[in-house]
$ cat start-v3.txt   # compact mmCIF, C-alpha atoms
# COMPACT_ATOMS: atom_id res chain seq x y z
CA MET L 27 -2.39 -18.07 52.21
CA PHE L 28 1.01 -17.59 50.70
CA ILE L 29 3.80 -19.85 51.91
CA LEU L 30 6.87 -18.67 50.10
CA PRO L 31 10.57 -18.74 50.71
CA ILE L 32 12.14 -15.37 51.29
CA GLY L 33 13.98 -14.50 48.09
CA ILE L 34 17.38 -12.95 47.60
CA LEU L 35 16.92 -9.22 47.33
CA PRO L 36 16.94 -7.14 45.34
CA LYS L 37 15.59 -9.32 42.57
CA ILE L 38 16.44 -7.92 39.17
CA PHE L 39 14.78 -9.01 35.95
CA ASP L 40 16.80 -7.64 33.06
CA PHE L 41 15.45 -10.16 30.53
CA LYS L 42 18.88 -10.70 29.00
CA GLN L 43 18.54 -14.48 28.97
CA LYS L 44 16.21 -16.29 26.62
CA ASP L 45 14.89 -18.40 29.52
CA ALA L 46 14.29 -15.35 31.74
CA LEU L 47 10.62 -16.26 32.11
CA SER L 48 11.24 -19.84 33.22
CA GLU L 49 10.44 -19.00 36.85
CA TRP L 50 7.40 -16.93 35.96
CA GLU L 51 3.90 -18.35 35.87
CA GLU L 52 1.12 -17.43 33.50
CA LYS L 53 -2.52 -16.66 34.18
CA ILE L 54 -4.87 -16.47 31.21
CA PHE L 55 -8.05 -14.47 31.63
CA LYS L 56 -9.31 -14.12 28.08
CA GLY L 57 -7.03 -15.27 25.30
CA ARG L 58 -3.28 -15.46 25.52
CA VAL L 59 -1.05 -12.43 25.39
CA LEU L 60 2.33 -13.01 23.79
CA TYR L 61 5.11 -12.49 26.33
CA GLU L 62 8.47 -12.92 24.66
CA VAL L 63 11.95 -12.29 26.00
CA ARG L 64 14.07 -10.49 23.49
CA PRO L 65 17.69 -10.61 24.58
CA GLU L 66 19.97 -8.12 22.89
CA LYS L 67 23.72 -7.57 23.10
CA THR L 68 23.63 -4.90 25.75
CA LYS L 69 20.04 -4.92 26.83
CA GLY L 70 17.25 -7.43 27.02
CA TYR L 71 13.58 -6.75 27.37
CA LEU L 72 10.21 -8.40 27.58
CA PHE L 73 7.94 -7.87 24.64
CA ALA L 74 4.19 -8.13 25.28
CA GLN L 75 1.57 -8.17 22.58
CA SER L 76 -2.16 -8.47 23.18
CA LYS L 77 -4.66 -9.01 20.40
CA GLU L 78 -8.06 -8.73 22.08
CA ALA L 79 -6.55 -10.87 24.81
CA CYS L 80 -5.89 -10.64 28.50
CA SER L 81 -3.31 -12.73 30.32
CA GLY L 82 -0.61 -11.95 32.79
CA ILE L 83 2.61 -13.42 34.07
CA PHE L 84 3.58 -13.43 37.72
CA TYR L 85 6.63 -14.17 39.81
CA LYS L 86 6.25 -15.24 43.43
CA ILE L 87 8.66 -13.48 45.73
CA LYS L 88 8.26 -12.84 49.42
CA PHE L 89 9.72 -9.80 51.10
CA ASP L 90 8.93 -7.24 53.74
CA PRO L 91 8.08 -3.93 52.06
CA LYS L 92 8.80 -2.11 55.32
CA LYS L 93 12.45 -3.08 54.91
CA TYR L 94 12.59 -2.98 51.12
CA PRO L 95 9.94 -0.53 49.96
CA LEU L 96 11.12 0.23 46.42
CA ILE L 97 10.27 -1.23 43.05
CA SER L 98 11.44 0.09 39.71
CA TRP L 99 11.29 -0.78 36.04
CA LYS L 100 11.56 0.65 32.57
CA TRP L 101 8.80 0.42 30.00
CA ARG L 102 7.69 1.76 26.68
CA ILE L 103 4.45 1.49 24.80
CA LYS L 104 4.41 0.46 21.19
CA GLU L 105 0.65 0.43 20.80
CA PHE L 106 -2.15 1.65 23.04
CA PRO L 107 -5.44 -0.24 23.12
CA LYS L 108 -8.05 1.64 21.10
CA LYS L 109 -10.64 2.24 23.75
CA GLY L 110 -12.78 4.29 21.32
CA LYS L 111 -16.41 3.42 21.96
CA ALA L 112 -15.36 1.39 24.98
CA ALA L 113 -14.24 4.60 26.64
CA GLU L 114 -17.84 5.79 26.54
CA GLY L 115 -18.92 2.59 28.20
CA GLY L 116 -18.65 1.54 31.79
CA TRP L 117 -15.68 1.15 34.05
CA LEU L 118 -15.14 -2.41 32.96
CA GLU L 119 -14.91 -1.51 29.27
CA LYS L 120 -12.18 0.98 30.07
CA ASP L 121 -10.14 -1.53 32.01
CA ASP L 122 -7.52 -2.06 29.30
CA TYR L 123 -3.98 -0.84 29.75
CA PRO L 124 -1.02 -1.36 27.46
CA ALA L 125 1.20 -2.03 30.45
CA ARG L 126 0.69 -2.93 34.08
CA VAL L 127 3.09 -3.88 36.83
CA TYR L 128 1.50 -5.51 39.86
CA VAL L 129 2.63 -5.72 43.43
CA ILE L 130 0.56 -8.35 45.22
CA PHE L 131 0.02 -8.40 48.98
CA PRO L 132 -1.25 -11.80 50.09
CA ALA L 133 -3.26 -12.38 53.23
CA LEU L 134 -3.91 -15.34 55.51
CA ILE L 135 -7.57 -15.11 54.55
CA PHE L 136 -7.58 -15.20 50.77
CA THR L 137 -10.42 -12.68 50.39
CA ASN L 138 -8.17 -10.09 52.02
CA ILE L 139 -5.55 -10.27 49.27
CA ARG L 140 -4.69 -6.82 47.98
CA SER L 141 -2.74 -5.51 45.08
CA ILE L 142 -1.47 -2.34 43.55
CA GLU L 143 -1.36 -2.17 39.79
CA TYR L 144 0.91 0.45 38.30
CA VAL L 145 -0.56 1.28 34.92
CA TRP L 146 0.32 3.43 31.94
CA ASP L 147 -2.77 5.38 30.94
CA GLU L 148 -3.21 7.59 27.92
CA THR L 149 -5.37 10.23 29.52
CA LEU L 150 -5.42 10.11 33.30
CA PRO L 151 -2.84 12.20 35.15
CA LYS L 152 0.11 10.58 36.83
CA ASP L 153 -0.48 9.31 40.40
CA THR L 154 -4.23 8.99 39.91
CA ILE L 155 -5.49 6.20 42.15
CA MET L 156 -8.48 4.13 41.05
CA THR L 157 -10.30 1.07 42.31
CA SER L 158 -10.51 -1.89 39.98
CA PRO L 159 -13.96 -2.65 38.57
CA TYR L 160 -13.26 -6.31 39.35
CA TYR L 161 -12.37 -6.10 43.01
CA SER L 162 -12.20 -3.33 45.57
CA ASN L 163 -8.98 -4.79 46.96
CA ILE L 164 -7.21 -3.91 43.72
CA LYS L 165 -6.03 -0.33 43.36
CA LEU L 166 -4.70 1.05 40.12
CA ILE L 167 -2.13 3.81 40.22
CA VAL L 168 -1.25 5.70 37.09
CA ALA L 169 2.54 5.47 37.02
CA GLU L 170 2.96 6.95 33.56
CA SER L 171 0.61 9.06 31.54
CA GLY L 172 0.05 10.06 27.94
CA ARG L 173 1.37 8.94 24.59
CA LYS L 174 5.15 9.16 24.50
CA ASN L 175 7.89 8.26 22.09
CA SER L 176 7.68 4.53 21.66
CA GLN L 177 11.46 4.27 21.13
CA ASP L 178 12.38 5.72 24.52
CA TRP L 179 12.46 3.77 27.74
CA PHE L 180 10.68 5.43 30.66
CA PHE L 181 11.99 4.71 34.12
CA VAL L 182 9.56 4.34 37.02
CA GLU L 183 10.50 3.97 40.66
CA ARG L 184 7.75 3.60 43.24
CA ASN L 185 7.70 3.38 46.99
CA ILE L 186 5.36 0.50 47.72
CA LEU L 187 4.77 1.57 51.32
CA ASP L 188 3.78 5.11 50.37
CA ASP L 189 1.54 3.93 47.55
CA TYR L 190 -0.10 1.31 49.77
CA ALA L 191 -0.80 3.90 52.43
CA LYS L 192 -2.38 6.22 49.84
CA ALA L 193 -4.38 3.45 48.17
CA PHE L 194 -5.53 1.37 51.13
CA GLY L 195 -4.30 3.10 54.27
CA GLY L 196 -2.11 1.25 56.72
CA VAL L 197 0.96 -0.85 56.15
CA PRO L 198 1.18 -4.13 54.22
CA ALA L 199 2.55 -7.19 56.02
CA TRP L 200 4.51 -8.54 53.09
CA VAL L 201 4.71 -8.72 49.34
CA GLY L 202 3.97 -12.14 47.84
CA ALA L 203 4.32 -11.65 44.11
CA VAL L 204 4.89 -9.25 41.28
CA ALA L 205 3.15 -9.49 37.94
CA ILE L 206 3.14 -7.97 34.49
CA MET L 207 0.17 -7.62 32.20
CA THR L 208 -0.67 -6.08 28.84
CA ASP L 209 -4.31 -6.34 27.86
CA ALA L 210 -6.73 -5.20 25.18
CA ASP L 211 -9.62 -7.60 25.65
CA ASN L 212 -12.31 -5.17 26.79
CA SER L 213 -11.68 -2.72 23.95
CA LEU L 214 -11.38 -5.60 21.46
CA SER L 215 -8.27 -3.97 20.07
CA SER L 216 -4.58 -4.65 20.40
CA ALA L 217 -1.77 -3.40 22.57
CA GLU L 218 2.00 -3.73 22.64
CA ALA L 219 4.43 -2.89 25.38
CA GLU L 220 7.98 -3.63 26.38
CA TYR L 221 9.40 -3.97 29.89
CA THR L 222 12.90 -4.19 31.22
CA ASP L 223 15.10 -3.78 34.31
CA LEU L 224 12.38 -4.72 36.76
CA LYS L 225 13.99 -4.42 40.18
CA VAL L 226 12.05 -5.64 43.19
CA GLY L 227 12.67 -5.31 46.92
CA TYR L 228 15.30 -2.70 47.63
CA LYS L 229 15.76 0.52 49.52
CA ASN L 230 17.64 3.74 48.99
CA GLU L 231 21.06 3.38 50.62
CA MET D 16 -44.13 -34.26 82.81
CA ASN D 17 -42.75 -31.05 81.32
CA LYS D 18 -41.29 -30.77 77.79
CA ARG D 19 -37.69 -30.80 79.00
CA LYS D 20 -38.42 -34.03 80.85
CA LEU D 21 -39.77 -35.48 77.61
CA VAL D 22 -36.52 -34.77 75.79
CA PHE D 23 -34.11 -35.49 78.63
CA ALA D 24 -34.86 -38.05 81.30
CA ASN D 25 -32.68 -36.26 83.81
CA LYS D 26 -29.70 -33.95 84.30
CA LEU D 27 -27.20 -36.67 83.48
CA HIS D 28 -29.00 -37.40 80.23
CA ARG D 29 -28.71 -33.74 79.28
CA GLN D 30 -25.03 -33.61 80.25
CA ILE D 31 -24.18 -36.70 78.17
CA PHE D 32 -26.15 -35.25 75.26
CA ILE D 33 -24.22 -31.96 75.47
CA LEU D 34 -20.91 -33.82 75.74
CA VAL D 35 -21.61 -36.02 72.71
CA SER D 36 -22.96 -33.05 70.70
CA VAL D 37 -19.94 -30.87 71.41
CA ALA D 38 -17.55 -33.78 70.76
CA ALA D 39 -19.13 -34.24 67.32
CA LEU D 40 -19.89 -30.63 66.40
CA LEU D 41 -16.63 -28.97 67.41
CA PRO D 42 -14.26 -31.07 65.24
CA ALA D 43 -16.80 -30.92 62.39
CA VAL D 44 -16.94 -27.11 62.52
CA ILE D 45 -13.14 -26.76 62.85
CA ALA D 46 -12.55 -29.23 60.02
CA SER D 47 -15.12 -27.53 57.75
CA ILE D 48 -13.74 -24.02 58.28
CA GLY D 49 -10.16 -25.29 58.03
CA LEU D 50 -10.82 -27.21 54.83
CA TYR D 51 -12.75 -24.29 53.33
CA TYR D 52 -9.88 -21.87 53.84
CA LEU D 53 -7.24 -24.47 53.00
CA ILE D 54 -8.81 -25.34 49.65
CA PHE D 55 -9.63 -21.80 48.59
CA GLY D 56 -6.50 -20.34 50.20
CA ILE D 57 -4.21 -22.75 48.36
CA THR D 58 -6.09 -22.16 45.11
CA ALA D 59 -5.84 -18.40 45.58
CA ASN D 60 -2.13 -18.82 46.31
CA GLU D 61 -1.66 -20.69 43.06
CA VAL D 62 -3.68 -18.19 41.05
CA ALA D 63 -1.87 -15.24 42.68
CA ILE D 64 -3.28 -12.49 40.43
CA PRO D 65 -6.09 -10.77 42.38
CA GLU D 66 -8.35 -10.23 39.33
CA SER D 67 -8.38 -13.97 38.86
CA ILE D 68 -9.09 -14.52 42.55
CA ALA D 69 -11.93 -11.99 42.33
CA TYR D 70 -13.27 -13.50 39.10
CA ASN D 71 -12.90 -17.21 39.79
CA ILE D 72 -12.04 -18.08 43.37
CA ILE D 73 -14.29 -15.71 45.31
CA PRO D 74 -17.49 -16.61 43.36
CA ALA D 75 -16.65 -20.30 43.84
CA ALA D 76 -15.97 -19.71 47.54
CA LYS D 77 -19.30 -17.85 47.86
CA LYS D 78 -21.18 -20.73 46.20
CA ALA D 79 -19.43 -23.19 48.50
CA ALA D 80 -20.34 -21.01 51.49
CA VAL D 81 -24.02 -20.99 50.43
CA VAL D 82 -23.99 -24.78 50.11
CA ILE D 83 -22.29 -25.10 53.49
CA LEU D 84 -24.85 -22.74 55.06
CA LEU D 85 -27.72 -24.75 53.57
CA VAL D 86 -26.27 -28.10 54.60
CA THR D 87 -25.12 -26.99 58.07
CA PRO D 88 -28.59 -26.97 59.76
CA LEU D 89 -29.24 -30.46 58.37
CA ALA D 90 -25.81 -31.69 59.52
CA ILE D 91 -26.33 -30.14 62.96
CA GLY D 92 -29.78 -31.76 63.14
CA VAL D 93 -28.34 -35.17 62.26
CA ILE D 94 -25.51 -34.76 64.80
CA LEU D 95 -27.96 -33.69 67.55
CA PHE D 96 -30.31 -36.56 66.72
CA PHE D 97 -27.49 -39.11 67.01
CA ALA D 98 -26.16 -37.39 70.14
CA TRP D 99 -29.64 -37.80 71.66
CA LYS D 100 -29.83 -41.44 70.54
CA ILE D 101 -26.39 -42.20 72.04
CA SER D 102 -27.14 -40.37 75.28
CA HIS D 103 -30.52 -42.11 75.48
CA ALA D 104 -28.89 -45.52 74.87
CA ILE D 105 -26.61 -44.83 77.84
CA ILE D 106 -29.07 -43.21 80.21
CA GLY D 107 -32.02 -45.61 79.58
CA PRO D 108 -30.40 -48.75 81.04
CA PHE D 109 -28.60 -46.66 83.66
CA ASP D 110 -31.94 -45.30 84.94
CA ARG D 111 -33.46 -48.76 84.95
CA ILE D 112 -30.56 -50.13 87.03
CA VAL D 113 -30.95 -47.27 89.53
CA ARG D 114 -34.71 -47.85 89.70
CA GLU D 115 -34.29 -51.60 90.17
CA LEU D 116 -31.68 -51.02 92.88
CA ASP D 117 -34.02 -48.57 94.64
CA GLU D 118 -36.82 -51.15 94.63
CA ARG D 119 -34.48 -53.76 96.13
CA ILE D 120 -33.20 -51.33 98.76
CA GLU D 121 -36.82 -50.51 99.69
CA GLY D 122 -37.52 -54.28 99.85
CA LYS D 123 -40.23 -54.21 97.21
CA ILE D 124 -38.42 -56.76 95.07
CA ILE D 125 -35.72 -59.34 95.75
CA GLY D 126 -33.44 -61.25 93.42
CA HIS D 127 -31.36 -60.38 90.38
CA ILE D 128 -31.62 -57.32 88.28
CA LEU D 129 -32.68 -58.44 84.82
CA ILE D 130 -31.00 -56.84 81.87
CA ARG D 131 -30.24 -57.91 78.31
CA LYS D 132 -26.80 -59.41 77.75
CA SER D 133 -26.31 -57.07 74.82
CA ASP D 134 -26.77 -54.09 77.13
CA LYS D 135 -23.71 -51.94 77.65
CA PHE D 136 -24.20 -52.12 81.42
CA TRP D 137 -24.26 -55.94 81.46
CA PRO D 138 -20.80 -56.30 83.14
CA LEU D 139 -21.86 -53.86 85.87
CA VAL D 140 -25.23 -55.58 86.43
CA GLU D 141 -23.48 -58.96 86.54
CA LYS D 142 -21.29 -57.69 89.42
CA ILE D 143 -24.28 -56.11 91.20
CA ASN D 144 -26.17 -59.44 90.92
CA LYS D 145 -23.19 -61.27 92.45
CA LEU D 146 -23.19 -58.72 95.26
CA ILE D 147 -26.95 -59.23 95.74
CA ASP D 148 -26.32 -63.01 95.99
CA LYS D 149 -23.65 -62.42 98.67
CA ILE D 150 -25.89 -60.08 100.65
CA GLU D 151 -28.81 -62.53 100.46
CA ARG D 152 -26.53 -65.34 101.79
CA PHE D 153 -25.72 -63.23 104.86

$ encode --input "start-v3.txt" --output "structure tokens"
Amino acid sequence: MFILPIGILPKIFDFKQKDALSEWEEKIFKGRVLYEVRPEKTKGYLFAQSKEACSGIFYKIKFDPKKYPLISWKWRIKEFPKKGKAAEGGWLEKDDYPARVYVIFPALIFTNIRSIEYVWDETLPKDTIMTSPYYSNIKLIVAESGRKNSQDWFFVERNILDDYAKAFGGVPAWVGAVAIMTDADNSLSSAEAEYTDLKVGYKNE
Amino acid sequence: MNKRKLVFANKLHRQIFILVSVAALLPAVIASIGLYYLIFGITANEVAIPESIAYNIIPAAKKAAVVILLVTPLAIGVILFFAWKISHAIIGPFDRIVRELDERIEGKIIGHILIRKSDKFWPLVEKINKLIDKIERF
């Protein structure tokens, strides 16, 4: 049950201010991932570093994805988790991604909560849709694939409505939160990623 | 005397029992379901990230549901027992008053209806006895 005020849209997180994460909340699963805002003269970004840890940060924002279906961000990967032997293991062992951006769809009955996680995966092709090993109501969509130059920013723009329809079928009622996570707990390795210009809740004019 | 007669003295007894049972059970069920979803819904709202909900909240909610399911038959039993006791406490003296009145109407007995002062129907019996006195004077 999400009771949230409707935010001013679009909401842009450019991470130019040192206190840019003051309105974000943290959820620790297994060890704490370092999330640090690094403001620069022209561009700020969020640095995330996981050392065998898994924690995420989330920002509650309510909007109707039917009116504002787009979300975009830029990201780059500094270090991929070394899945190694874990990759030979089960689904759960492979569930480490250097970067994830969540769109969370709350429900009146909490067990019906759904989410789409846009992940950067080393091997799987772009637009692959998977079901989370933790919960069938979580769908992972590969938004970026392969190892790429860690100095370049890669822009991603996704249509939440289209992705929801492909992942779950149907239309979501509303979006309740967005989240960011970098994790390397299952592979017992480390991961580093950087995020910037996260823009939530807009449409193509 | 059939089994139903053993449980309920008459139709009114059964009706009062149903009324008391529903009056106790309905709010209890609504409150339980409401509280269950309120507690876990608010917690899920605070946690927000679905993995965490799946990992922490849903197992806790399942355990709570199992406990509720185990306790529910006992709670229903207790509610029904007390509903029967309450309905019996009402219908017992009521039946006795009706029986005593019948006997007086048929002329088998004369005089006051005797009932304990602590009885819930005492004010009614007091008035009936006054009425009996008036009738006897005529």

$ closest_residue --input "start-v3.txt" --among "L:Ala191, L:Ala74, L:Val182, L:Met207" --to "chain D" --atoms "all atoms listed in the file"
L:Met207

$ closest_atom_pairs --input "start-v3.txt" --of "segment 54-91 of chain D" --to "segment 27-49 of chain D" --cutoff "10 Å" --atoms "only C-alpha atoms" --output "CSV"
residue,atom,partner,partner_atom,distance
D:Ile54,CA,D:Gly49,CA,8.5
D:Gly56,CA,D:Gly49,CA,10.0
D:Ala80,CA,D:Ile48,CA,9.9
D:Ile83,CA,D:Ser47,CA,8.7
D:Thr87,CA,D:Val44,CA,9.3
D:Ala90,CA,D:Leu40,CA,9.1
D:Ile91,CA,D:Leu40,CA,7.3

$ residues_near_point --input "start-v3.txt" --point "(-17.5, -17.4, 51.4)" --cutoff "12 Å" --atoms "only C-alpha atoms" --output "count of residues only"
24

$ interface_residues --input "start-v3.txt" --of "chain L" --to "chain D" --cutoff "9 Å" --atoms "all atoms listed in the file" --output "VMD selection string"
chain L and resid 27 to 29 52 to 55 82 to 84 86 128 130 132 134 to 137 139 to 141 158 160 to 161 163 to 164 202 to 205

$ residues_around --input "start-v3.txt" --residues "Phe180 of chain L" --least-positions-apart "3" --cutoff "7 Å" --atoms "only C-alpha atoms" --output "list in words"
Lys100, Trp101 and Arg102 of chain L

$ decode --input "start-v3.txt" --residues "segment 137-148 of chain D" --atoms "N, CA and C atoms" --output "PDB file, in the first residue's frame"
ATOM      1  N   TRP D 137     -35.840  -9.488  35.547  1.00  0.00           N
ATOM      2  CA  TRP D 137     -36.481  -9.097  36.805  1.00  0.00           C
ATOM      3  C   TRP D 137     -37.433  -7.899  36.630  1.00  0.00           C
ATOM      4  N   PRO D 138     -37.048  -6.801  35.980  1.00  0.00           N
ATOM      5  CA  PRO D 138     -37.965  -5.658  35.834  1.00  0.00           C
ATOM      6  C   PRO D 138     -39.255  -6.042  35.114  1.00  0.00           C
ATOM      7  N   LEU D 139     -39.133  -6.929  34.109  1.00  0.00           N
ATOM      8  CA  LEU D 139     -40.314  -7.366  33.361  1.00  0.00           C
ATOM      9  C   LEU D 139     -41.235  -8.216  34.263  1.00  0.00           C
ATOM     10  N   VAL D 140     -40.607  -9.158  34.996  1.00  0.00           N
ATOM     11  CA  VAL D 140     -41.372 -10.059  35.872  1.00  0.00           C
ATOM     12  C   VAL D 140     -42.060  -9.252  36.980  1.00  0.00           C
ATOM     13  N   GLU D 141     -41.366  -8.228  37.473  1.00  0.00           N
ATOM     14  CA  GLU D 141     -41.929  -7.370  38.510  1.00  0.00           C
ATOM     15  C   GLU D 141     -43.239  -6.735  38.021  1.00  0.00           C
ATOM     16  N   LYS D 142     -43.213  -6.254  36.754  1.00  0.00           N
ATOM     17  CA  LYS D 142     -44.407  -5.628  36.165  1.00  0.00           C
ATOM     18  C   LYS D 142     -45.514  -6.674  35.950  1.00  0.00           C
ATOM     19  N   ILE D 143     -45.097  -7.855  35.475  1.00  0.00           N
ATOM     20  CA  ILE D 143     -46.093  -8.929  35.249  1.00  0.00           C
ATOM     21  C   ILE D 143     -46.762  -9.294  36.576  1.00  0.00           C
ATOM     22  N   ASN D 144     -45.941  -9.391  37.654  1.00  0.00           N
ATOM     23  CA  ASN D 144     -46.495  -9.737  38.977  1.00  0.00           C
ATOM     24  C   ASN D 144     -47.492  -8.679  39.452  1.00  0.00           C
ATOM     25  N   LYS D 145     -47.177  -7.399  39.184  1.00  0.00           N
ATOM     26  CA  LYS D 145     -48.106  -6.325  39.551  1.00  0.00           C
ATOM     27  C   LYS D 145     -49.414  -6.467  38.775  1.00  0.00           C
ATOM     28  N   LEU D 146     -49.268  -6.845  37.512  1.00  0.00           N
ATOM     29  CA  LEU D 146     -50.442  -7.050  36.654  1.00  0.00           C
ATOM     30  C   LEU D 146     -51.281  -8.227  37.171  1.00  0.00           C
ATOM     31  N   ILE D 147     -50.573  -9.304  37.588  1.00  0.00           N
ATOM     32  CA  ILE D 147     -51.256 -10.473  38.154  1.00  0.00           C
ATOM     33  C   ILE D 147     -52.051 -10.044  39.397  1.00  0.00           C
ATOM     34  N   ASP D 148     -51.391  -9.239  40.249  1.00  0.00           N
ATOM     35  CA  ASP D 148     -52.076  -8.737  41.471  1.00  0.00           C
ATOM     36  C   ASP D 148     -53.352  -8.000  41.104  1.00  0.00           C
TER      37      ASP D 148
END
